[in-house]
>>> print(open('target.json').read())   # JSON, C-alpha atoms and all ligand atoms
[["chain", "number", "residue", "atom", "x", "y", "z"],
["L", 71, "MET", "CA", 119.57, 134.75, 92.26],
["L", 72, "ARG", "CA", 116.16, 134.04, 90.74],
["L", 73, "THR", "CA", 113.68, 131.57, 92.16],
["L", 74, "ILE", "CA", 112.21, 129.28, 89.48],
["L", 75, "VAL", "CA", 109.36, 126.91, 90.39],
["L", 76, "ILE", "CA", 108.67, 124.08, 87.95],
["L", 77, "THR", "CA", 105.69, 121.73, 88.24],
["L", 78, "GLY", "CA", 106.40, 118.51, 86.37],
["L", 79, "GLY", "CA", 110.09, 119.28, 86.83],
["L", 80, "THR", "CA", 111.11, 115.65, 87.38],
["L", 81, "ASP", "CA", 110.79, 114.62, 83.73],
["L", 82, "GLY", "CA", 110.49, 115.76, 80.12],
["L", 83, "MET", "CA", 110.59, 119.47, 79.36],
["L", 84, "GLY", "CA", 110.20, 120.44, 83.02],
["L", 85, "ALA", "CA", 113.35, 118.47, 83.88],
["L", 86, "ALA", "CA", 115.25, 120.04, 80.97],
["L", 87, "LEU", "CA", 114.35, 123.48, 82.34],
["L", 88, "ALA", "CA", 115.30, 122.47, 85.89],
["L", 89, "ARG", "CA", 118.74, 121.34, 84.69],
["L", 90, "HIS", "CA", 119.24, 124.54, 82.71],
["L", 91, "TYR", "CA", 118.37, 126.89, 85.57],
["L", 92, "LEU", "CA", 120.42, 124.95, 88.11],
["L", 93, "ALA", "CA", 123.43, 125.18, 85.79],
["L", 94, "ALA", "CA", 122.72, 128.92, 85.47],
["L", 95, "GLY", "CA", 122.95, 129.27, 89.25],
["L", 96, "ASP", "CA", 119.27, 129.95, 89.97],
["L", 97, "ARG", "CA", 117.28, 128.60, 92.91],
["L", 98, "VAL", "CA", 115.07, 125.86, 91.48],
["L", 99, "VAL", "CA", 112.08, 124.17, 93.09],
["L", 100, "VAL", "CA", 110.87, 121.01, 91.37],
["L", 101, "ILE", "CA", 107.37, 119.66, 91.98],
["L", 102, "GLY", "CA", 106.26, 116.17, 90.98],
["L", 103, "ARG", "CA", 105.12, 112.91, 92.47],
["L", 104, "SER", "CA", 108.29, 110.87, 92.19],
["L", 105, "ARG", "CA", 111.21, 111.34, 94.58],
["L", 106, "ALA", "CA", 113.10, 108.65, 92.60],
["L", 107, "LYS", "CA", 112.77, 110.65, 89.36],
["L", 108, "PHE", "CA", 113.93, 113.79, 91.17],
["L", 109, "ASP", "CA", 116.96, 111.94, 92.57],
["L", 110, "ALA", "CA", 117.77, 110.71, 89.05],
["L", 111, "LEU", "CA", 117.96, 114.33, 87.89],
["L", 112, "SER", "CA", 121.20, 114.66, 89.88],
["L", 113, "ALA", "CA", 119.93, 118.05, 90.91],
["L", 114, "SER", "CA", 121.09, 117.88, 94.50],
["L", 115, "ASN", "CA", 121.02, 121.66, 94.87],
["L", 116, "ALA", "CA", 117.37, 121.90, 93.74],
["L", 117, "ALA", "CA", 114.52, 121.69, 96.23],
["L", 118, "PHE", "CA", 111.87, 119.03, 95.75],
["L", 119, "ILE", "CA", 108.22, 119.12, 96.77],
["L", 120, "ALA", "CA", 106.44, 115.80, 96.37],
["L", 121, "ALA", "CA", 102.82, 116.40, 95.36],
["L", 122, "ASP", "CA", 100.13, 114.77, 93.27],
["L", 123, "LEU", "CA", 98.80, 117.86, 91.53],
["L", 124, "SER", "CA", 95.66, 116.08, 90.39],
["L", 125, "LEU", "CA", 94.61, 116.45, 94.04],
["L", 126, "VAL", "CA", 93.49, 119.88, 95.21],
["L", 127, "GLN", "CA", 94.70, 119.07, 98.71],
["L", 128, "ASP", "CA", 98.23, 118.30, 97.46],
["L", 129, "SER", "CA", 98.31, 121.43, 95.27],
["L", 130, "ARG", "CA", 97.32, 123.50, 98.31],
["L", 131, "ARG", "CA", 99.96, 121.83, 100.48],
["L", 132, "ALA", "CA", 102.68, 122.50, 97.87],
["L", 133, "ILE", "CA", 101.59, 126.14, 97.60],
["L", 134, "ASP", "CA", 101.65, 126.52, 101.40],
["L", 135, "GLN", "CA", 105.18, 125.10, 101.49],
["L", 136, "LEU", "CA", 106.33, 127.48, 98.74],
["L", 137, "ARG", "CA", 104.80, 130.40, 100.65],
["L", 138, "GLN", "CA", 106.57, 129.38, 103.85],
["L", 139, "GLU", "CA", 109.97, 128.93, 102.22],
["L", 140, "HIS", "CA", 110.06, 131.78, 99.67],
["L", 141, "ASP", "CA", 109.16, 135.44, 99.64],
["L", 142, "ARG", "CA", 109.48, 135.86, 95.88],
["L", 143, "ILE", "CA", 108.97, 133.74, 92.76],
["L", 144, "ASP", "CA", 110.53, 135.01, 89.53],
["L", 145, "ALA", "CA", 109.27, 132.29, 87.23],
["L", 146, "LEU", "CA", 106.53, 129.71, 87.59],
["L", 147, "VAL", "CA", 106.56, 126.99, 84.93],
["L", 148, "LEU", "CA", 103.43, 124.84, 84.79],
["L", 149, "ALA", "CA", 104.44, 121.61, 83.04],
["L", 150, "ALA", "CA", 102.97, 118.69, 84.98],
["L", 151, "SER", "CA", 101.31, 116.27, 82.60],
["L", 152, "PHE", "CA", 99.55, 112.93, 82.82],
["L", 153, "ILE", "CA", 97.49, 112.16, 79.73],
["L", 154, "ARG", "CA", 94.21, 110.35, 80.26],
["L", 155, "GLN", "CA", 92.18, 109.34, 77.25],
["L", 156, "ARG", "CA", 89.17, 108.46, 79.39],
["L", 157, "ARG", "CA", 87.30, 110.37, 82.05],
["L", 158, "HIS", "CA", 88.63, 109.58, 85.50],
["L", 159, "VAL", "CA", 87.45, 110.90, 88.85],
["L", 160, "THR", "CA", 89.98, 111.53, 91.65],
["L", 161, "THR", "CA", 89.47, 110.44, 95.25],
["L", 162, "GLU", "CA", 88.38, 114.05, 95.89],
["L", 163, "GLY", "CA", 85.62, 113.76, 93.29],
["L", 164, "HIS", "CA", 87.17, 115.99, 90.61],
["L", 165, "GLU", "CA", 87.64, 114.99, 86.98],
["L", 166, "ALA", "CA", 91.35, 114.11, 86.95],
["L", 167, "SER", "CA", 92.50, 115.90, 83.78],
["L", 168, "TRP", "CA", 90.62, 119.06, 84.69],
["L", 169, "SER", "CA", 92.12, 118.88, 88.16],
["L", 170, "LEU", "CA", 95.74, 118.37, 86.97],
["L", 171, "PHE", "CA", 95.69, 120.52, 83.84],
["L", 172, "PHE", "CA", 93.56, 123.35, 85.19],
["L", 173, "LEU", "CA", 92.51, 123.41, 88.86],
["L", 174, "SER", "CA", 96.08, 122.91, 90.06],
["L", 175, "LYS", "CA", 97.35, 125.66, 87.73],
["L", 176, "TYR", "CA", 94.56, 127.98, 88.87],
["L", 177, "LEU", "CA", 95.54, 127.37, 92.51],
["L", 178, "PHE", "CA", 99.25, 127.95, 91.81],
["L", 179, "VAL", "CA", 98.72, 131.16, 89.83],
["L", 180, "THR", "CA", 96.21, 132.66, 92.27],
["L", 181, "GLY", "CA", 97.78, 131.24, 95.46],
["L", 182, "LEU", "CA", 101.27, 132.51, 94.58],
["L", 183, "ALA", "CA", 100.15, 135.85, 93.10],
["L", 184, "ASP", "CA", 101.77, 137.95, 95.82],
["L", 185, "LEU", "CA", 105.08, 136.06, 95.57],
["L", 186, "LEU", "CA", 105.05, 136.71, 91.82],
["L", 187, "THR", "CA", 104.21, 140.36, 92.44],
["L", 188, "ALA", "CA", 107.30, 140.58, 94.67],
["L", 189, "ALA", "CA", 109.57, 139.76, 91.69],
["L", 190, "ASP", "CA", 110.90, 142.53, 89.39],
["L", 191, "LYS", "CA", 109.90, 140.78, 86.17],
["L", 192, "PRO", "CA", 107.65, 137.86, 87.06],
["L", 193, "VAL", "CA", 106.70, 135.29, 84.47],
["L", 194, "VAL", "CA", 104.28, 132.37, 84.30],
["L", 195, "VAL", "CA", 104.86, 129.85, 81.51],
["L", 196, "ASN", "CA", 101.83, 127.63, 81.13],
["L", 197, "THR", "CA", 102.54, 124.75, 78.73],
["L", 198, "ALA", "CA", 98.83, 124.40, 77.92],
["L", 199, "VAL", "CA", 99.37, 124.97, 74.16],
["L", 200, "PRO", "CA", 97.54, 128.10, 72.96],
["L", 201, "GLY", "CA", 94.98, 128.29, 70.20],
["L", 202, "ALA", "CA", 91.88, 126.52, 71.50],
["L", 203, "ARG", "CA", 88.68, 128.10, 70.25],
["L", 204, "ALA", "CA", 86.95, 130.66, 72.44],
["L", 205, "ASP", "CA", 83.89, 128.40, 72.70],
["L", 206, "ALA", "CA", 85.90, 125.29, 73.65],
["L", 207, "ILE", "CA", 84.96, 125.69, 77.30],
["L", 208, "ASP", "CA", 81.65, 124.56, 78.78],
["L", 209, "PHE", "CA", 80.97, 126.82, 81.76],
["L", 210, "ASP", "CA", 77.93, 124.76, 82.79],
["L", 211, "ASP", "CA", 79.94, 121.55, 82.97],
["L", 212, "LEU", "CA", 83.49, 122.47, 83.94],
["L", 213, "GLU", "CA", 84.31, 118.92, 85.04],
["L", 214, "MET", "CA", 82.87, 117.53, 81.80],
["L", 215, "ALA", "CA", 80.39, 115.06, 83.34],
["L", 216, "ASP", "CA", 78.68, 114.85, 79.95],
["L", 217, "GLY", "CA", 80.21, 114.19, 76.56],
["L", 218, "PHE", "CA", 83.82, 113.67, 77.71],
["L", 219, "THR", "CA", 86.23, 112.92, 74.90],
["L", 220, "PHE", "CA", 90.00, 113.34, 75.01],
["L", 221, "ARG", "CA", 89.85, 116.00, 72.31],
["L", 222, "ARG", "CA", 87.08, 118.01, 74.03],
["L", 223, "SER", "CA", 88.69, 117.77, 77.45],
["L", 224, "ASN", "CA", 92.02, 118.91, 75.99],
["L", 225, "ALA", "CA", 90.53, 121.96, 74.23],
["L", 226, "HIS", "CA", 88.42, 122.77, 77.31],
["L", 227, "GLN", "CA", 91.42, 122.97, 79.68],
["L", 228, "ARG", "CA", 93.56, 124.79, 77.10],
["L", 229, "ARG", "CA", 90.95, 127.53, 76.75],
["L", 230, "ALA", "CA", 90.56, 127.74, 80.54],
["L", 231, "ASN", "CA", 94.32, 128.23, 80.86],
["L", 232, "GLU", "CA", 94.20, 131.14, 78.42],
["L", 233, "LEU", "CA", 91.35, 132.72, 80.41],
["L", 234, "LEU", "CA", 93.43, 132.24, 83.57],
["L", 235, "GLY", "CA", 95.96, 134.61, 81.99],
["L", 236, "ILE", "CA", 93.30, 137.33, 81.85],
["L", 237, "LEU", "CA", 92.61, 136.94, 85.58],
["L", 238, "ALA", "CA", 96.32, 136.82, 86.44],
["L", 239, "THR", "CA", 97.44, 139.86, 84.42],
["L", 240, "LYS", "CA", 94.44, 141.89, 85.55],
["L", 241, "GLN", "CA", 95.51, 141.31, 89.13],
["L", 242, "ASN", "CA", 99.20, 141.96, 88.31],
["L", 243, "PRO", "CA", 99.78, 144.01, 85.10],
["L", 244, "ALA", "CA", 103.57, 143.55, 85.49],
["L", 245, "LEU", "CA", 103.19, 139.79, 85.09],
["L", 246, "SER", "CA", 104.21, 138.09, 81.87],
["L", 247, "TYR", "CA", 101.74, 135.21, 81.36],
["L", 248, "ILE", "CA", 102.59, 132.95, 78.45],
["L", 249, "THR", "CA", 100.65, 130.02, 77.10],
["L", 250, "TRP", "CA", 103.20, 127.92, 75.26],
["L", 251, "GLY", "CA", 103.35, 124.77, 73.18],
["L", 252, "PRO", "CA", 106.14, 123.17, 71.17],
["L", 253, "THR", "CA", 106.19, 123.45, 67.37],
["L", 254, "ARG", "CA", 106.23, 119.68, 67.04],
["L", 255, "LEU", "CA", 106.31, 116.52, 69.10],
["L", 256, "VAL", "CA", 108.88, 116.42, 71.89],
["L", 257, "ARG", "CA", 110.50, 113.12, 72.90],
["L", 258, "THR", "CA", 109.38, 112.88, 76.52],
["L", 259, "SER", "CA", 107.87, 110.21, 78.75],
["L", 260, "PHE", "CA", 104.26, 110.93, 77.61],
["L", 261, "ALA", "CA", 103.19, 109.69, 81.02],
["L", 262, "GLY", "CA", 99.56, 108.73, 81.14],
["L", 263, "GLU", "CA", 96.84, 106.13, 80.79],
["L", 264, "VAL", "CA", 96.20, 105.91, 77.10],
["L", 265, "GLY", "CA", 94.95, 103.27, 74.69],
["L", 266, "THR", "CA", 97.20, 101.06, 72.56],
["L", 267, "GLY", "CA", 96.66, 103.25, 69.48],
["L", 268, "MET", "CA", 98.05, 106.36, 71.16],
["L", 269, "LYS", "CA", 100.90, 104.39, 72.78],
["L", 270, "VAL", "CA", 101.96, 102.86, 69.45],
["L", 271, "ALA", "CA", 101.66, 106.23, 67.65],
["L", 272, "ALA", "CA", 103.84, 107.92, 70.29],
["L", 273, "ALA", "CA", 106.37, 105.07, 70.28],
["L", 274, "ILE", "CA", 106.70, 105.24, 66.47],
["L", 275, "MET", "CA", 106.40, 108.98, 65.90],
["L", 276, "ALA", "CA", 108.45, 110.34, 68.81],
["L", 277, "PRO", "CA", 111.82, 108.83, 67.74],
["L", 278, "LEU", "CA", 111.15, 109.72, 64.08],
["L", 279, "LEU", "CA", 109.70, 113.21, 64.41],
["L", 280, "GLY", "CA", 110.24, 114.24, 68.00],
["L", 281, "GLN", "CA", 112.70, 116.86, 69.15],
["L", 282, "ARG", "CA", 114.83, 116.58, 72.28],
["L", 283, "ALA", "CA", 113.37, 118.20, 75.40],
["L", 284, "GLU", "CA", 116.56, 120.30, 75.79],
["L", 285, "ASP", "CA", 116.01, 121.76, 72.31],
["L", 286, "ALA", "CA", 112.26, 122.22, 72.70],
["L", 287, "VAL", "CA", 112.62, 124.33, 75.86],
["L", 288, "ARG", "CA", 115.13, 126.85, 74.42],
["L", 289, "PRO", "CA", 112.36, 129.33, 73.49],
["L", 290, "ILE", "CA", 110.90, 129.04, 77.01],
["L", 291, "ILE", "CA", 114.29, 129.99, 78.44],
["L", 292, "GLY", "CA", 114.34, 133.08, 76.22],
["L", 293, "LEU", "CA", 110.84, 134.06, 77.35],
["L", 294, "ILE", "CA", 111.71, 133.61, 81.03],
["L", 295, "ASP", "CA", 115.00, 135.51, 80.73],
["L", 296, "THR", "CA", 113.49, 138.53, 78.94],
["L", 297, "PRO", "CA", 109.83, 138.67, 79.97],
["L", 298, "THR", "CA", 107.38, 141.20, 78.60],
["L", 299, "PRO", "CA", 104.45, 142.21, 80.82],
["L", 300, "GLY", "CA", 101.01, 141.05, 79.72],
["L", 301, "ARG", "CA", 99.63, 137.97, 78.02],
["L", 302, "ALA", "CA", 101.25, 136.23, 75.09],
["L", 303, "ALA", "CA", 100.99, 132.95, 73.22],
["L", 304, "TYR", "CA", 103.82, 131.01, 71.58],
["L", 305, "ARG", "CA", 104.43, 127.83, 69.62],
["L", 306, "GLY", "CA", 108.15, 127.26, 70.03],
["L", 307, "ALA", "CA", 109.76, 130.67, 69.52],
["L", 308, "LYS", "CA", 106.96, 131.91, 67.30],
["L", 309, "PRO", "CA", 104.36, 134.31, 68.72],
["L", 310, "ARG", "CA", 100.80, 133.23, 68.06],
["L", 311, "PRO", "CA", 97.79, 135.53, 68.13],
["L", 312, "LEU", "CA", 95.85, 135.34, 71.37],
["L", 313, "THR", "CA", 92.47, 133.74, 70.82],
["L", 314, "VAL", "CA", 89.90, 136.48, 71.18],
["L", 315, "GLY", "CA", 86.30, 135.64, 72.03],
["L", 316, "ALA", "CA", 83.27, 137.88, 72.13],
["L", 317, "HIS", "CA", 83.24, 138.03, 75.94],
["L", 318, "ASP", "CA", 86.74, 137.19, 77.17],
["L", 319, "GLU", "CA", 86.67, 139.32, 80.34],
["L", 320, "GLN", "CA", 83.26, 137.99, 81.35],
["L", 321, "ASP", "CA", 84.31, 134.43, 80.47],
["L", 322, "ALA", "CA", 87.41, 134.73, 82.64],
["L", 323, "ALA", "CA", 85.33, 136.06, 85.55],
["L", 324, "ARG", "CA", 82.75, 133.32, 85.05],
["L", 325, "LEU", "CA", 85.49, 130.70, 85.08],
["L", 326, "GLY", "CA", 86.94, 132.09, 88.31],
["L", 327, "THR", "CA", 83.54, 132.12, 89.99],
["L", 328, "GLY", "CA", 82.74, 128.59, 88.79],
["L", 329, "VAL", "CA", 86.06, 127.22, 90.02],
["L", 330, "GLU", "CA", 85.93, 128.97, 93.40],
["L", 331, "ALA", "CA", 82.47, 127.48, 94.00],
["L", 332, "ASN", "CA", 83.80, 123.95, 93.52],
["L", 333, "ILE", "CA", 87.19, 123.76, 95.23],
["L", 401, "LIG", "N1", 105.80, 116.24, 74.73],
["L", 401, "LIG", "C1", 105.11, 116.87, 73.80],
["L", 401, "LIG", "O1", 105.27, 116.63, 72.58],
["L", 401, "LIG", "C2", 104.14, 117.96, 74.19],
["L", 401, "LIG", "C3", 103.33, 118.52, 73.18],
["L", 401, "LIG", "C4", 102.43, 119.52, 73.53],
["L", 401, "LIG", "C5", 102.35, 119.97, 74.84],
["L", 401, "LIG", "N2", 103.14, 119.39, 75.80],
["L", 401, "LIG", "C6", 102.98, 119.89, 77.17],
["L", 401, "LIG", "O2", 104.24, 120.18, 77.75],
["L", 401, "LIG", "C7", 104.19, 119.92, 79.17],
["L", 401, "LIG", "C8", 105.33, 118.99, 79.56],
["L", 401, "LIG", "O3", 105.12, 117.77, 78.85],
["L", 401, "LIG", "P1", 106.21, 116.62, 78.82],
["L", 401, "LIG", "O4", 105.91, 115.83, 77.60],
["L", 401, "LIG", "O5", 107.55, 117.20, 79.02],
["L", 401, "LIG", "O6", 105.78, 115.78, 80.11],
["L", 401, "LIG", "P2", 106.33, 114.36, 80.63],
["L", 401, "LIG", "O7", 107.68, 114.03, 80.10],
["L", 401, "LIG", "O8", 105.23, 113.35, 80.44],
["L", 401, "LIG", "O9", 106.51, 114.67, 82.18],
["L", 401, "LIG", "C9", 105.40, 114.95, 82.94],
["L", 401, "LIG", "C10", 105.81, 115.55, 84.26],
["L", 401, "LIG", "O10", 104.64, 115.77, 85.02],
["L", 401, "LIG", "C11", 104.77, 115.14, 86.30],
["L", 401, "LIG", "N3", 103.45, 114.66, 86.72],
["L", 401, "LIG", "C12", 102.64, 113.77, 86.11],
["L", 401, "LIG", "N4", 101.51, 113.62, 86.81],
["L", 401, "LIG", "C13", 101.63, 114.41, 87.90],
["L", 401, "LIG", "C14", 100.79, 114.66, 89.01],
["L", 401, "LIG", "N5", 99.60, 114.07, 89.16],
["L", 401, "LIG", "N6", 101.21, 115.53, 89.95],
["L", 401, "LIG", "C15", 102.41, 116.14, 89.84],
["L", 401, "LIG", "N7", 103.25, 115.96, 88.80],
["L", 401, "LIG", "C16", 102.85, 115.09, 87.85],
["L", 401, "LIG", "C17", 105.77, 114.00, 86.06],
["L", 401, "LIG", "O11", 106.50, 113.71, 87.23],
["L", 401, "LIG", "P3", 106.16, 112.57, 88.29],
["L", 401, "LIG", "O12", 106.08, 111.29, 87.56],
["L", 401, "LIG", "O13", 107.32, 112.72, 89.24],
["L", 401, "LIG", "O14", 104.87, 112.97, 88.93],
["L", 401, "LIG", "C18", 106.72, 114.64, 85.08],
["L", 401, "LIG", "O15", 107.67, 115.44, 85.76],
["L", 401, "LIG", "C19", 102.80, 119.37, 79.46],
["L", 401, "LIG", "O16", 101.96, 120.40, 79.88],
["L", 401, "LIG", "C20", 102.33, 118.85, 78.09],
["L", 401, "LIG", "O17", 100.92, 118.88, 77.97],
["L", 401, "LIG", "C21", 104.02, 118.39, 75.50]]
>>> encode(input="target.json", output="structure tokens", more="lines below")
Ligand SMILES: NC(=O)c1ccc[n+]([C@@H]2O[C@H](COP(=O)([O-])OP(=O)(O)OC[C@H]3O[C@@H](n4cnc5c(N)ncnc54)[C@H](OP(=O)(O)O)[C@@H]3O)[C@@H](O)[C@H]2O)c1
Amino acid sequence: MRTIVITGGTDGMGAALARHYLAAGDRVVVIGRSRAKFDALSASNAAFIAADLSLVQDSRRAIDQLRQEHDRIDALVLAASFIRQRRHVTTEGHEASWSLFFLSKYLFVTGLADLLTAADKPVVVNTAVPGARADAIDFDDLEMADGFTFRRSNAHQRRANELLGILATKQNPALSYITWGPTRLVRTSFAGEVGTGMKVAAAIMAPLLGQRAEDAVRPIIGLIDTPTPGRAAYRGAKPRPLTVGAHDEQDAARLGTGVEANI
């Protein structure tokens, strides 16, 4: 029986994956903020860890609990999402999108590294959407105190999540680390604090153009079930070239050092 850990597993694509792996007979751990949403999943045989992953303290607590209760993780799916169009600072003083979309993922991947190493064919699926430019990240301003825009913040965390794959696979060459995004819009909750324009666009476009979460996650299931060691990038089922910068190894190390100094 595999152990599959899914952040953001109470809703959207994370919930679709949780349902699939429970039906397949795997051990599933769902992480999210809402107990009510978890209960609505009717996933009584899944485990639930309530955590606000925009808080470092909560991410650490969830990781500690996973470490106490499991000695192996076969698949870690990073799919928690709360879209903020504006810069927001958490009660811990971190920029909220950076904290949820990167710091939490960094803590999970590094803090659970030995549990992933204990699996035969470990896989991390990071739904950060590959393809951000190599220079999208500002190492001197990781929490984007200056010049925050939704677009910049999004590209910044996406690039950081690709660099995280370099750190993770260097530490564990048997690990399959995949940055993944859907081929087109997926009809999900789009939870977040966004302006009217984005809300209206999502409300109009999702029913017209959006795919069902159950359909969107099929390629992820294939990647988890037959993992290949090393880094890879996918949109849907289609492999995408990894973004290659002039100094990827150094950039990944610089990111790790910068993050460790601030959490
Ligand atoms: N939908 C799309 O078209 C699309 C396109 C590109 C990329 N993606 C990516 O795919 C992934 C999944 O997206 P989705 O659309 O399926 O998401 P979604 O339906 O909006 O669900 C988000 C999930 O994240 C959890 N969550 C939100 N804030 C959280 C927090 N602070 N701490 C812990 N959990 C939190 C929510 O649960 P609680 O409410 O219980 O906390 C929920 O389970 C995300 O990484 C997203 O960026 C989606």
>>> residues_near_ligand(input="target.json", ligand="ligand LIG 401 (chain L)", cutoff="7 Å", atoms="all atoms listed in the file", output="ChimeraX atom specification")
/L:77-85,101-105,107-108,121-124,148-152,170,197-199,251-252,254-261,283
>>> residues_near_point(input="target.json", point="(88.7, 117.6, 84.4)", cutoff="7 Å", atoms="all atoms listed in the file", output="list of chain:residue names")
L:His164, L:Glu165, L:Ala166, L:Ser167, L:Trp168, L:Ser169, L:Glu213, L:Met214, L:Ser223
>>> closest_residue(input="target.json", among="L:Val270, L:Ala230, L:Ala113, L:Leu146", to="Thr187 (chain L)", atoms="only C-alpha atoms")
L:Leu146
>>> atom_distance(input="target.json", atom1="CA of Gly235 (chain L)", atom2="CA of Ile119 (chain L)")
24.7 Å
>>> residues_around(input="target.json", residues="Asp208 (chain L)", least_positions_apart="6", cutoff="12 Å", atoms="all atoms listed in the file", output="compact mmCIF listing (two decimals) with C-alpha atoms, in the coordinates of the input")
# COMPACT_ATOMS: atom_id res chain seq x y z
CA MET L 214 82.87 117.53 81.80
CA ALA L 215 80.39 115.06 83.34
CA ASP L 216 78.68 114.85 79.95
CA GLY L 217 80.21 114.19 76.56
CA PHE L 218 83.82 113.67 77.71
CA ARG L 222 87.08 118.01 74.03
CA SER L 223 88.69 117.77 77.45
CA ALA L 225 90.53 121.96 74.23
CA HIS L 226 88.42 122.77 77.31
CA GLN L 227 91.42 122.97 79.68
CA ARG L 229 90.95 127.53 76.75
CA ALA L 230 90.56 127.74 80.54
CA ASP L 321 84.31 134.43 80.47
CA ARG L 324 82.75 133.32 85.05
CA LEU L 325 85.49 130.70 85.08
CA GLY L 328 82.74 128.59 88.79
>>> build_atoms(input="target.json", residues="region 90-102 of chain L", atoms="N, CA and C atoms", output="JSON list (two decimals), in the coordinates of the input")
[["chain", "number", "residue", "atom", "x", "y", "z"],
["L", 90, "HIS", "N", 118.69, 123.28, 83.26],
["L", 90, "HIS", "CA", 119.24, 124.54, 82.71],
["L", 90, "HIS", "C", 119.37, 125.59, 83.80],
["L", 91, "TYR", "N", 118.33, 125.79, 84.59],
["L", 91, "TYR", "CA", 118.37, 126.89, 85.57],
["L", 91, "TYR", "C", 119.28, 126.57, 86.75],
["L", 92, "LEU", "N", 119.44, 125.29, 87.06],
["L", 92, "LEU", "CA", 120.42, 124.95, 88.11],
["L", 92, "LEU", "C", 121.82, 125.27, 87.61],
["L", 93, "ALA", "N", 122.09, 124.91, 86.35],
["L", 93, "ALA", "CA", 123.43, 125.18, 85.79],
["L", 93, "ALA", "C", 123.67, 126.69, 85.72],
["L", 94, "ALA", "N", 122.59, 127.46, 85.55],
["L", 94, "ALA", "CA", 122.72, 128.92, 85.47],
["L", 94, "ALA", "C", 122.87, 129.56, 86.85],
["L", 95, "GLY", "N", 122.74, 128.75, 87.90],
["L", 95, "GLY", "CA", 122.95, 129.27, 89.25],
["L", 95, "GLY", "C", 121.68, 129.80, 89.91],
["L", 96, "ASP", "N", 120.52, 129.49, 89.36],
["L", 96, "ASP", "CA", 119.27, 129.95, 89.97],
["L", 96, "ASP", "C", 118.82, 128.97, 91.06],
["L", 97, "ARG", "N", 117.90, 129.46, 91.89],
["L", 97, "ARG", "CA", 117.28, 128.60, 92.91],
["L", 97, "ARG", "C", 116.10, 127.91, 92.22],
["L", 98, "VAL", "N", 116.11, 126.58, 92.22],
["L", 98, "VAL", "CA", 115.07, 125.86, 91.48],
["L", 98, "VAL", "C", 114.27, 124.98, 92.44],
["L", 99, "VAL", "N", 112.96, 125.06, 92.32],
["L", 99, "VAL", "CA", 112.08, 124.17, 93.09],
["L", 99, "VAL", "C", 111.32, 123.29, 92.10],
["L", 100, "VAL", "N", 111.50, 121.99, 92.27],
["L", 100, "VAL", "CA", 110.87, 121.01, 91.37],
["L", 100, "VAL", "C", 109.68, 120.38, 92.08],
["L", 101, "ILE", "N", 108.56, 120.30, 91.38],
["L", 101, "ILE", "CA", 107.37, 119.66, 91.98],
["L", 101, "ILE", "C", 106.92, 118.50, 91.09],
["L", 102, "GLY", "N", 106.73, 117.36, 91.70],
["L", 102, "GLY", "CA", 106.26, 116.17, 90.98],
["L", 102, "GLY", "C", 105.90, 115.12, 92.00]]
